[in-house]
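Working notes, structure below.
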Amino acid sequence: MMQYEIGIVETRNVIKTLLDDYGYDFRDYALTSFKRRLEQIISNNGLKDADGLIGKLKGNPTFFDQFLNEVNIDTTEMFRDPSFWRTLRDDILPEIIRNSTTKPRIWIASFDSGEELYSLTIILKEMGALDKVQIYSNVFTNATIQKITSGQLDPKDIEINEANYVRLNGKSQYSSYYKVEGNKYFFDSTLVKDVNFIKQTPIIDKDPGAVKLVLFRNQALYYNQLLQERVLQKIAESLVAGGFLALGIKETLENTNANNKFTVFNETERIYKRKNV
Amino acid sequence: MYKAVIIGGSAGSFQVITRILHSLPASFPLPVLLCLHRLKHVRSGFVEALSLKSGIPIIEPDDKEQIKPGKAYLAPANYHMFIELGNKIALSTEDPVNHSRPSIDLSFLTAAQVYRDKLIGVILSGANRDGAYGLKKIKDLGGLAIVQDPNECQVRTMTEASLKMTPVDHVYNTSEIIRFLQTIKT
């Protein structure tokens with residue numbers, strides 16, 4: 001591993017351009033991972049340095065969109081943490097579906113590259129419940145919507161995904177959900193045809209409201225504490241009493257202000273339940 | 001004068017790391033950051049196995065956890081472990097580096113940027129080259145670079161790659177690494 005490195009001042013200069021020129025606020029992203037992301041974008045695009053990146057961003061909405069796609073960290077795995085998905089399928093989805101008179105709303109509040117969404121819809125389909133819920137999913141760009149709705153995902157390691165599916169005790173074969181054409185994978189896009197995509201800026205300023213389940217796994221890893229607090233507040237407001245919040249298995253509400261609005265539903269899988277406060 | 005020790009290891013490092021942790025006194029004055037290649041789907045058991053004989057508590061940290069002296073922090077399975085300004089752990093799910101997640105290079109690189117010349121980096125036995133670049137960054141930023149003697153390693157690829165890339169401060173066998181760590185005072 002050898003890579004180009006930029007400093008903190010240069011990182012802040014790029015962040016300032018993104019805010020001033022496009023109104024996208026990355027100031028409260030975690031510094032180390034964001035800096036690293038910029039370094040990779042500079043290398044991947046053959047740019048000279050941070051000033052080169054700033055120059056290319058200015059007055060170039062097309063490149064800005066491409067930048068947003070590259071700065072976002074892909075989910076990289078289908079059914080990441082299979083025991084989490086098992087818990088979701090066996091304990092949570094049946095409950096929220098049973099207790100709803102209208103279609104319960106599920107919100108993928110992370111900036112998913114499609115893997116969380118397809119994992120969720122595959123599970124719902126196997127439960128025979130795909131048409132019994134309404135799914136919302138956050139995205140940065142139209143290109144991501146296009147990618148996800150065409151089914152053309154890039155889940156990196158097919159063996160890992162297969163193994164995850166086996167650990168999940170799925171009803172079918174993992175391979176029944178995609179076709180391979182050349183070296184590309186096309187997932188069954190009918191799974192996501194009724195999904196509502198919400199175009200967001202980094203601070204997540206929109207929410208579907210009256211949500212019964214929020215998946216927000218491994219997104220706040222890339223936030224500082226301030227932004228983590230703000231977005232958790234937003235999510236807490238969006239959830240109905242008794243609704244569920246799933247974080248990544250190495251994330252916690254402890255030490256956050258949102259903690260008093262939730263009880264722990266499953267400690268190992270880091271699933272929380274919204275209190276009636 | 002040092003603020004942290006960071007240790008990277010892969011194949012053949014488990015015994016070594018166990019001996020090192022066993023030798024540390026409960027009053028060890030620094031945090032110990034551990035980045036070891038491990039099975040990604042085995043979430044639990046590893047901390048428990050390492051803890052059995054450890055002289056200091058071993059934590060598999062959550063994201064944004066505060067780093068404290070006298071504790072060991074083990075990079076969780078299937079996450080990269082960064083060290084963030086403000087002495088905090090920052091986890092990441094970005095792509096594997098050197099086919100590894102956690103990647104030793106990334107833990108070492110980010111720790112070097114935070115602790116600079118107040119960091120001790122140790123590379124142990126391992127079967128790939130992950131860690132060599134990270135150790136170089138520690139040395140470049142004024143930290144102390146230690147490599148386990150390849151002649152003692154079960155698998156010598158990782159230590160040899162490190163030695164090739166960096167003029168390290170010490171090549172030590174396990175007993176010497178232990179003796180060195182035991183002399184550390186703040």
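Residue numbers start at 1 in each chain; chains themselves are named A, B, ... in the order of the structure tokens; ligands are numbered from 1 in the order shown.
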Mind dumping a table of every chain B residue within 9 Å of chain A, with the nearest atom pair and its distance in Å to one decimal, using only C-alpha atoms, sorted by chain and rising number, as a tab-separated table?
```
residue	atom	partner	partner_atom	distance
B:His41	CA	A:Asp81	CA	7.8
B:Glu60	CA	A:Lys250	CA	8.8
B:Pro61	CA	A:Lys250	CA	7.3
B:Asp62	CA	A:Lys250	CA	4.6
B:Asp63	CA	A:Glu251	CA	5.5
B:Lys64	CA	A:Leu221	CA	7.8
B:Pro76	CA	A:Lys250	CA	8.0
B:Tyr79	CA	A:Lys250	CA	8.9
B:Phe82	CA	A:Thr32	CA	7.5
B:Ile83	CA	A:Thr32	CA	8.0
B:Glu84	CA	A:Thr32	CA	6.2
B:Leu85	CA	A:Thr32	CA	8.0
B:Ala90	CA	A:Leu221	CA	6.6
B:Leu91	CA	A:Leu221	CA	6.0
B:Ser92	CA	A:Leu221	CA	6.2
B:Thr93	CA	A:Asn218	CA	7.3
B:Glu94	CA	A:Ile73	CA	5.9
B:Asp95	CA	A:Thr76	CA	7.0
B:Val97	CA	A:Met1	CA	7.6
B:Asn98	CA	A:Met1	CA	7.1
B:Asp105	CA	A:Met1	CA	7.5
B:Thr110	CA	A:Thr32	CA	7.4
B:Arg129	CA	A:Met1	CA	8.9
B:Asp130	CA	A:Met1	CA	7.8
B:Gly131	CA	A:Met1	CA	8.9
B:Ala132	CA	A:Met1	CA	8.4
B:Tyr133	CA	A:Met1	CA	6.2
B:Gly134	CA	A:Met1	CA	8.6
```
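Taking CA of Ala236 in chain A and CA of Ile97 in chain A as the two end points, the separation is 20.0 Å.
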Open item on the list: Can you measure CA of Val192 in chain A to CA of Phe64 in chain A for me? One decimal in Å is fine.
Closed with: 26.4 Å
Task: Nearby residues (only C-alpha atoms) at most 6 Å from range 115-123 of chain A, same-chain spacing under 6 positions excluded, as a ChimeraX atom specification - done: /A:78-79,191
TODO: With a distance cut-off of 10 Å and only C-alpha atoms, select the neighbouring residues of range 47-52 of chain B, excluding the residue or stretch itself and same-chain residues fewer than 6 positions from it, and output the selection as an NGL selection string.
DONE: :B and (14-15 or 17-19 or 21-22 or 58-60 or 72-74 or 76)
Would you mind exporting the chosen residues as an mmCIF file, in the first residue's frame, restricted to C-alpha atoms?
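Generated output (result.cif):
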```cif
data_model
loop_
_atom_site.group_PDB
_atom_site.id
_atom_site.type_symbol
_atom_site.label_atom_id
_atom_site.label_comp_id
_atom_site.auth_asym_id
_atom_site.auth_seq_id
_atom_site.Cartn_x
_atom_site.Cartn_y
_atom_site.Cartn_z
ATOM 1 C CA PHE B 14 -1.401 -15.430 18.284
ATOM 2 C CA GLN B 15 1.061 -17.121 20.666
ATOM 3 C CA ILE B 17 0.623 -11.639 21.294
ATOM 4 C CA THR B 18 -0.668 -13.832 24.109
ATOM 5 C CA ARG B 19 2.776 -13.887 25.725
ATOM 6 C CA LEU B 21 -0.253 -9.379 26.890
ATOM 7 C CA HIS B 22 0.424 -11.852 29.705
ATOM 8 C CA ILE B 58 -8.843 -6.260 26.298
ATOM 9 C CA ILE B 59 -11.642 -4.349 24.636
ATOM 10 C CA GLU B 60 -13.118 -4.803 21.193
ATOM 11 C CA ALA B 72 -5.757 -3.072 24.940
ATOM 12 C CA TYR B 73 -8.015 -2.293 21.975
ATOM 13 C CA LEU B 74 -8.492 -5.087 19.457
ATOM 14 C CA PRO B 76 -13.110 -5.764 15.482
#
```
TODO: From a DSSP calculation on the backbone, collect every residue of range 12-120 of chain A in strand (DSSP E or B) and output the set as a list in words.
DONE: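 Matching residues, listed in order: Tyr29, Arg105, Ile106, Trp107 and Ile108 of chain A.
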- [ ] Mind listing the alpha helix (DSSP H) residues of range 65-248 of chain A, per DSSP on the backbone, as a VMD selection string?
- [x] chain A and resid 65 to 71 82 to 87 93 to 98 115 to 126 142 to 150 158 to 167 225 to 238
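In this comparison, which uses only C-alpha atoms, the residue of A:Phe111, A:Tyr29, A:Tyr4, A:Phe84 approaching Asn266 in chain A most closely is A:Phe84.
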Open item on the list: Can you tell me which residues surround Gln154 in chain B at a distance of at most 12 Å, considering only C-alpha atoms, apart from same-chain residues fewer than 6 positions away, and format the answer as a ChimeraX atom specification?
Closed with: /B:9-16,124-127,148
Task: Neighbour list for Ile271 in chain A as number ranges by chain, cut-off 9 Å, only C-alpha atoms, skip fewer than 2 positions in-chain - done: A: 84, 244-249, 263-269, 273
For the selection just defined, write its residues with C-alpha atoms to a file, as a PDB file, in the first residue's frame.
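Everything below was put into selection_34.pdb:
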```pdb
ATOM      1  CA  PHE A  84     -28.597  -9.326  12.463  1.00  0.00           C
ATOM      2  CA  PHE A 244     -37.078  -0.009  15.871  1.00  0.00           C
ATOM      3  CA  LEU A 245     -33.642   1.431  15.127  1.00  0.00           C
ATOM      4  CA  ALA A 246     -30.789  -0.805  13.940  1.00  0.00           C
ATOM      5  CA  LEU A 247     -27.212   0.468  14.176  1.00  0.00           C
ATOM      6  CA  GLY A 248     -24.069  -1.332  13.044  1.00  0.00           C
ATOM      7  CA  ILE A 249     -22.944  -4.034  15.464  1.00  0.00           C
ATOM      8  CA  THR A 263     -34.560   1.053  25.140  1.00  0.00           C
ATOM      9  CA  VAL A 264     -32.196  -1.726  24.100  1.00  0.00           C
ATOM     10  CA  PHE A 265     -34.111  -4.406  22.184  1.00  0.00           C
ATOM     11  CA  ASN A 266     -31.157  -6.621  21.216  1.00  0.00           C
ATOM     12  CA  GLU A 267     -27.756  -5.771  22.691  1.00  0.00           C
ATOM     13  CA  THR A 268     -25.655  -8.037  20.429  1.00  0.00           C
ATOM     14  CA  GLU A 269     -27.228  -6.832  17.207  1.00  0.00           C
ATOM     15  CA  LYS A 273     -36.766   0.409  20.408  1.00  0.00           C
TER      16      LYS A 273
END
```
Task: Interatomic distance, CA of Pro31 in chain B to CA of Gln113 in chain B (Å, one decimal) - done: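 That distance, rounded to one decimal, is 16.1 Å.
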